[in-house]
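Raw contents of input_5.txt, compact mmCIF, N, CA and C atoms:
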# COMPACT_ATOMS: atom_id res chain seq x y z
N MET J 1 -6.84 -9.54 -3.69
CA MET J 1 -6.78 -9.73 -2.26
C MET J 1 -7.67 -8.71 -1.54
N GLU J 2 -7.59 -7.45 -2.02
CA GLU J 2 -8.38 -6.41 -1.36
C GLU J 2 -9.88 -6.67 -1.47
N VAL J 3 -10.32 -7.18 -2.61
CA VAL J 3 -11.75 -7.48 -2.80
C VAL J 3 -12.20 -8.55 -1.82
N LEU J 4 -11.37 -9.54 -1.58
CA LEU J 4 -11.70 -10.58 -0.60
C LEU J 4 -11.81 -9.99 0.80
N VAL J 5 -10.87 -9.13 1.16
CA VAL J 5 -10.91 -8.49 2.48
C VAL J 5 -12.12 -7.56 2.59
N LEU J 6 -12.42 -6.85 1.50
CA LEU J 6 -13.61 -5.99 1.50
C LEU J 6 -14.87 -6.81 1.79
N GLY J 7 -15.00 -7.95 1.12
CA GLY J 7 -16.14 -8.84 1.38
C GLY J 7 -16.17 -9.35 2.80
N TRP J 8 -15.01 -9.71 3.32
CA TRP J 8 -14.91 -10.21 4.70
C TRP J 8 -15.26 -9.14 5.71
N ALA J 9 -14.72 -7.93 5.50
CA ALA J 9 -14.89 -6.86 6.48
C ALA J 9 -16.24 -6.14 6.39
N TRP J 10 -16.75 -5.98 5.19
CA TRP J 10 -17.94 -5.15 4.99
C TRP J 10 -19.12 -5.88 4.37
N GLY J 11 -18.90 -7.06 3.80
CA GLY J 11 -19.94 -7.75 3.03
C GLY J 11 -21.24 -7.96 3.77
N LYS J 12 -21.18 -8.53 4.95
CA LYS J 12 -22.40 -8.82 5.71
C LYS J 12 -23.16 -7.53 6.04
N SER J 13 -22.44 -6.48 6.40
CA SER J 13 -23.08 -5.21 6.71
C SER J 13 -23.78 -4.63 5.50
N PHE J 14 -23.12 -4.69 4.33
CA PHE J 14 -23.74 -4.17 3.11
C PHE J 14 -24.99 -4.95 2.74
N VAL J 15 -25.00 -6.24 2.96
CA VAL J 15 -26.16 -7.07 2.62
C VAL J 15 -27.29 -6.87 3.63
N CYS J 16 -26.96 -6.90 4.91
CA CYS J 16 -28.00 -6.86 5.96
C CYS J 16 -28.51 -5.45 6.26
N ARG J 17 -27.62 -4.46 6.21
CA ARG J 17 -28.00 -3.09 6.55
C ARG J 17 -27.37 -2.12 5.54
N PRO J 18 -27.81 -2.15 4.29
CA PRO J 18 -27.13 -1.36 3.25
C PRO J 18 -27.15 0.15 3.49
N ARG J 19 -28.27 0.69 3.92
CA ARG J 19 -28.34 2.15 4.13
C ARG J 19 -27.44 2.60 5.28
N LYS J 20 -27.53 1.88 6.38
CA LYS J 20 -26.70 2.22 7.54
C LYS J 20 -25.21 2.06 7.21
N THR J 21 -24.89 1.02 6.47
CA THR J 21 -23.50 0.77 6.11
C THR J 21 -22.99 1.83 5.14
N MET J 22 -23.81 2.26 4.19
CA MET J 22 -23.39 3.32 3.26
C MET J 22 -23.15 4.62 4.01
N ALA J 23 -24.01 4.93 4.99
CA ALA J 23 -23.81 6.14 5.78
C ALA J 23 -22.50 6.03 6.57
N ARG J 24 -22.25 4.87 7.12
CA ARG J 24 -21.00 4.66 7.87
C ARG J 24 -19.80 4.77 6.94
N TRP J 25 -19.91 4.21 5.75
CA TRP J 25 -18.83 4.26 4.75
C TRP J 25 -18.52 5.72 4.39
N LYS J 26 -19.58 6.54 4.19
CA LYS J 26 -19.39 7.94 3.81
C LYS J 26 -18.74 8.76 4.92
N ASN J 27 -19.04 8.44 6.18
CA ASN J 27 -18.48 9.19 7.32
C ASN J 27 -17.20 8.58 7.87
N TYR J 28 -16.77 7.50 7.29
CA TYR J 28 -15.63 6.73 7.81
C TYR J 28 -14.37 7.57 7.89
N ILE J 29 -14.09 8.35 6.83
CA ILE J 29 -12.86 9.13 6.82
C ILE J 29 -12.86 10.18 7.93
N ARG J 30 -14.02 10.76 8.20
CA ARG J 30 -14.12 11.75 9.28
C ARG J 30 -13.91 11.08 10.64
N ASP J 31 -14.48 9.92 10.82
CA ASP J 31 -14.41 9.23 12.11
C ASP J 31 -13.07 8.53 12.35
N ARG J 32 -12.48 7.98 11.30
CA ARG J 32 -11.29 7.14 11.45
C ARG J 32 -10.01 7.82 10.98
N GLY J 33 -10.13 8.80 10.09
CA GLY J 33 -8.95 9.50 9.62
C GLY J 33 -8.35 8.93 8.35
N MET J 34 -8.96 7.91 7.80
CA MET J 34 -8.52 7.38 6.51
C MET J 34 -9.74 6.83 5.79
N SER J 35 -9.61 6.73 4.48
CA SER J 35 -10.76 6.24 3.72
C SER J 35 -10.98 4.76 4.02
N PRO J 36 -12.22 4.30 3.92
CA PRO J 36 -12.47 2.89 4.20
C PRO J 36 -11.76 1.97 3.21
N TRP J 37 -11.62 2.42 1.96
CA TRP J 37 -10.93 1.57 0.99
C TRP J 37 -9.47 1.38 1.38
N TYR J 38 -8.77 2.45 1.77
CA TYR J 38 -7.36 2.30 2.15
C TYR J 38 -7.21 1.54 3.46
N ASP J 39 -8.23 1.57 4.30
CA ASP J 39 -8.21 0.72 5.49
C ASP J 39 -8.29 -0.75 5.07
N VAL J 40 -9.13 -1.06 4.08
CA VAL J 40 -9.23 -2.42 3.57
C VAL J 40 -7.88 -2.85 2.98
N VAL J 41 -7.26 -1.97 2.19
CA VAL J 41 -5.94 -2.27 1.62
C VAL J 41 -4.94 -2.54 2.74
N ASP J 42 -4.99 -1.74 3.79
CA ASP J 42 -4.10 -1.93 4.93
C ASP J 42 -4.36 -3.28 5.60
N TRP J 43 -5.62 -3.64 5.78
CA TRP J 43 -5.95 -4.93 6.40
C TRP J 43 -5.50 -6.09 5.54
N ALA J 44 -5.49 -5.88 4.21
CA ALA J 44 -5.09 -6.95 3.29
C ALA J 44 -3.58 -7.16 3.28
N GLY J 45 -2.87 -6.33 3.94
CA GLY J 45 -1.43 -6.49 3.99
C GLY J 45 -0.68 -5.20 3.73
N GLY J 46 -1.42 -4.18 3.37
CA GLY J 46 -0.81 -2.87 3.20
C GLY J 46 0.11 -2.76 2.01
N TYR J 47 -0.06 -3.59 1.00
CA TYR J 47 0.81 -3.52 -0.17
C TYR J 47 0.14 -2.72 -1.27
N PRO J 48 0.80 -1.86 -1.96
CA PRO J 48 2.17 -1.43 -1.65
C PRO J 48 2.14 -0.39 -0.53
N PHE J 49 3.22 -0.30 0.19
CA PHE J 49 3.32 0.72 1.22
C PHE J 49 4.69 1.37 1.14
N GLU J 50 4.78 2.52 1.74
CA GLU J 50 6.02 3.27 1.71
C GLU J 50 6.30 3.79 3.11
N VAL J 51 7.53 3.66 3.53
CA VAL J 51 7.94 4.16 4.84
C VAL J 51 8.72 5.44 4.64
N ALA J 52 8.35 6.49 5.35
CA ALA J 52 9.08 7.76 5.28
C ALA J 52 10.09 7.81 6.40
N ALA J 53 11.29 8.25 6.09
CA ALA J 53 12.32 8.42 7.11
C ALA J 53 11.87 9.52 8.07
N PRO J 54 12.15 9.36 9.37
CA PRO J 54 11.75 10.39 10.33
C PRO J 54 12.24 11.79 9.95
N GLU J 55 13.44 11.88 9.39
CA GLU J 55 13.99 13.18 9.01
C GLU J 55 13.17 13.82 7.89
N LYS J 56 12.76 13.01 6.93
CA LYS J 56 11.96 13.53 5.81
C LYS J 56 10.58 13.97 6.28
N LEU J 57 9.99 13.18 7.16
CA LEU J 57 8.68 13.52 7.69
C LEU J 57 8.75 14.82 8.48
N THR J 58 9.75 14.93 9.34
CA THR J 58 9.92 16.15 10.13
C THR J 58 10.14 17.35 9.23
N SER J 59 11.00 17.21 8.24
CA SER J 59 11.28 18.30 7.31
C SER J 59 10.02 18.74 6.58
N PHE J 60 9.22 17.79 6.14
CA PHE J 60 7.96 18.07 5.44
C PHE J 60 7.07 18.98 6.28
N PHE J 61 6.89 18.64 7.55
CA PHE J 61 6.00 19.43 8.40
C PHE J 61 6.62 20.76 8.82
N LEU J 62 7.91 20.79 9.07
CA LEU J 62 8.56 22.05 9.45
C LEU J 62 8.46 23.08 8.33
N GLN J 63 8.59 22.63 7.08
CA GLN J 63 8.47 23.53 5.93
C GLN J 63 7.05 24.08 5.79
N ARG J 64 6.10 23.46 6.41
CA ARG J 64 4.71 23.89 6.30
C ARG J 64 4.20 24.60 7.56
N GLY J 65 5.14 25.05 8.38
CA GLY J 65 4.77 25.88 9.53
C GLY J 65 4.43 25.14 10.81
N PHE J 66 4.79 23.88 10.92
CA PHE J 66 4.54 23.12 12.14
C PHE J 66 5.81 23.08 12.98
N THR J 67 5.64 22.84 14.26
CA THR J 67 6.77 22.57 15.14
C THR J 67 6.62 21.16 15.68
N LEU J 68 7.74 20.51 15.89
CA LEU J 68 7.73 19.16 16.43
C LEU J 68 7.70 19.25 17.95
N GLU J 69 6.63 18.79 18.56
CA GLU J 69 6.46 18.85 20.01
C GLU J 69 6.98 17.59 20.69
N HIS J 70 6.84 16.46 20.01
CA HIS J 70 7.26 15.18 20.61
C HIS J 70 7.48 14.17 19.50
N SER J 71 8.47 13.32 19.70
CA SER J 71 8.64 12.20 18.77
C SER J 71 9.19 11.01 19.52
N GLU J 72 8.80 9.85 19.08
CA GLU J 72 9.31 8.60 19.62
C GLU J 72 9.64 7.71 18.43
N ILE J 73 10.93 7.51 18.21
CA ILE J 73 11.40 6.74 17.07
C ILE J 73 11.72 5.33 17.55
N ARG J 74 11.10 4.36 16.91
CA ARG J 74 11.33 2.96 17.25
C ARG J 74 12.15 2.30 16.14
N GLY J 75 12.85 1.28 16.46
CA GLY J 75 13.63 0.56 15.46
C GLY J 75 12.73 -0.12 14.45
N GLY J 76 13.27 -0.43 13.31
CA GLY J 76 12.51 -1.14 12.29
C GLY J 76 11.90 -0.25 11.23
N GLY J 77 11.96 1.07 11.42
CA GLY J 77 11.51 1.97 10.37
C GLY J 77 10.03 2.26 10.31
N ASN J 78 9.26 1.77 11.26
CA ASN J 78 7.83 2.09 11.21
C ASN J 78 7.28 2.16 12.63
N CYS J 79 6.03 2.53 12.74
CA CYS J 79 5.33 2.66 14.03
C CYS J 79 5.99 3.72 14.92
N ASN J 80 6.48 4.77 14.30
CA ASN J 80 7.02 5.89 15.06
C ASN J 80 5.88 6.84 15.42
N ASP J 81 6.07 7.62 16.50
CA ASP J 81 5.07 8.60 16.92
C ASP J 81 5.61 9.99 16.76
N PHE J 82 4.78 10.89 16.24
CA PHE J 82 5.14 12.29 16.09
C PHE J 82 3.95 13.13 16.51
N VAL J 83 4.24 14.25 17.19
CA VAL J 83 3.21 15.23 17.51
C VAL J 83 3.71 16.56 16.97
N PHE J 84 2.99 17.09 15.98
CA PHE J 84 3.31 18.38 15.38
C PHE J 84 2.21 19.37 15.73
N CYS J 85 2.59 20.62 15.96
CA CYS J 85 1.61 21.68 16.22
C CYS J 85 1.92 22.85 15.30
N ARG J 86 0.86 23.56 14.93
CA ARG J 86 1.07 24.77 14.13
C ARG J 86 1.64 25.86 15.01
N LYS J 87 2.51 26.66 14.41
CA LYS J 87 3.12 27.80 15.15
C LYS J 87 2.10 28.84 15.42

Could you spell out this file's structure in structure tokens?
Amino acid sequence: MEVLVLGWAWGKSFVCRPRKTMARWKNYIRDRGMSPWYDVVDWAGGYPFEVAAPEKLTSFFLQRGFTLEHSEIRGGGNCNDFVFCRK
């Protein structure tokens, strides 16, 4: 499934503008915050995926010297917002 989505999302760019597309692919993680491959996996349906409980996520960052500045927890277990800052 991911290969099909890769072809759909990036195929034309790789064929028509390979150098520009490779440069974009290499800088993608810096610009978007995730690797282009995992973005393709996410577009394909995000399988497999794992949801972290808000308490576990908060604990993870607090143990690493962050403070929780804001959080918005929505029902359904995903699409929650968190803002952490370093102490």

* **Top pick for closest residue to Gln63 in chain J, considering J:Phe14, J:Trp43, J:Tyr28, J:Phe84 and counting only C-alpha atoms** =>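 Ranked by minimum distance to Gln63 in chain J, first place goes to J:Phe84.
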
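Coordinates place CA of Cys79 in chain J at a distance of 9.7 Å from CA of Val51 in chain J.
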
Task: Contacts of Lys87 in chain J at 8 Å (only C-alpha atoms; same-chain gap of 6+ positions) as a ChimeraX atom specification - done: /J:65-67

As a PyMOL selection string, list the residues of chain J assigned to helix (DSSP H, G or I) by DSSP on the backbone atoms of this structure.
-> chain J and resi 2-16+18-32+36-43+54-62

Restricting the calculation to all atoms listed in the file, which member of J:Ala52, J:Arg19, J:Ala44, J:Arg24 is positioned closest to Leu4 in chain J?
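That would be J:Ala44, the residue with the smallest distance to Leu4 in chain J.
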
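Taking atom N of Glu2 in chain J and atom C of Met34 in chain J as the two end points, the separation is 16.4 Å.
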
In chain J, DSSP strand (DSSP E) residues written as an MDAnalysis selection string: chainID J and resid 66:72 81:86

Serialized selection, N, CA and C atoms, as a compact mmCIF listing (two decimals), in the frame of the given file:
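File written: selection.txt
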# COMPACT_ATOMS: atom_id res chain seq x y z
N PHE J 66 4.79 23.88 10.92
CA PHE J 66 4.54 23.12 12.14
C PHE J 66 5.81 23.08 12.98
N THR J 67 5.64 22.84 14.26
CA THR J 67 6.77 22.57 15.14
C THR J 67 6.62 21.16 15.68
N LEU J 68 7.74 20.51 15.89
CA LEU J 68 7.73 19.16 16.43
C LEU J 68 7.70 19.25 17.95
N GLU J 69 6.63 18.79 18.56
CA GLU J 69 6.46 18.85 20.01
C GLU J 69 6.98 17.59 20.69
N HIS J 70 6.84 16.46 20.01
CA HIS J 70 7.26 15.18 20.61
C HIS J 70 7.48 14.17 19.50
N SER J 71 8.47 13.32 19.70
CA SER J 71 8.64 12.20 18.77
C SER J 71 9.19 11.01 19.52
N GLU J 72 8.80 9.85 19.08
CA GLU J 72 9.31 8.60 19.62
C GLU J 72 9.64 7.71 18.43
N ASP J 81 6.07 7.62 16.50
CA ASP J 81 5.07 8.60 16.92
C ASP J 81 5.61 9.99 16.76
N PHE J 82 4.78 10.89 16.24
CA PHE J 82 5.14 12.29 16.09
C PHE J 82 3.95 13.13 16.51
N VAL J 83 4.24 14.25 17.19
CA VAL J 83 3.21 15.23 17.51
C VAL J 83 3.71 16.56 16.97
N PHE J 84 2.99 17.09 15.98
CA PHE J 84 3.31 18.38 15.38
C PHE J 84 2.21 19.37 15.73
N CYS J 85 2.59 20.62 15.96
CA CYS J 85 1.61 21.68 16.22
C CYS J 85 1.92 22.85 15.30
N ARG J 86 0.86 23.56 14.93
CA ARG J 86 1.07 24.77 14.13
C ARG J 86 1.64 25.86 15.01

A straight line from atom N of Trp37 in chain J to CA of Ser13 in chain J spans 14.6 Å

Asp39 in chain J proximity check over J:Arg17, J:Ala53, J:Leu6, J:Ala23, using only C-alpha atoms: winner is J:Leu6
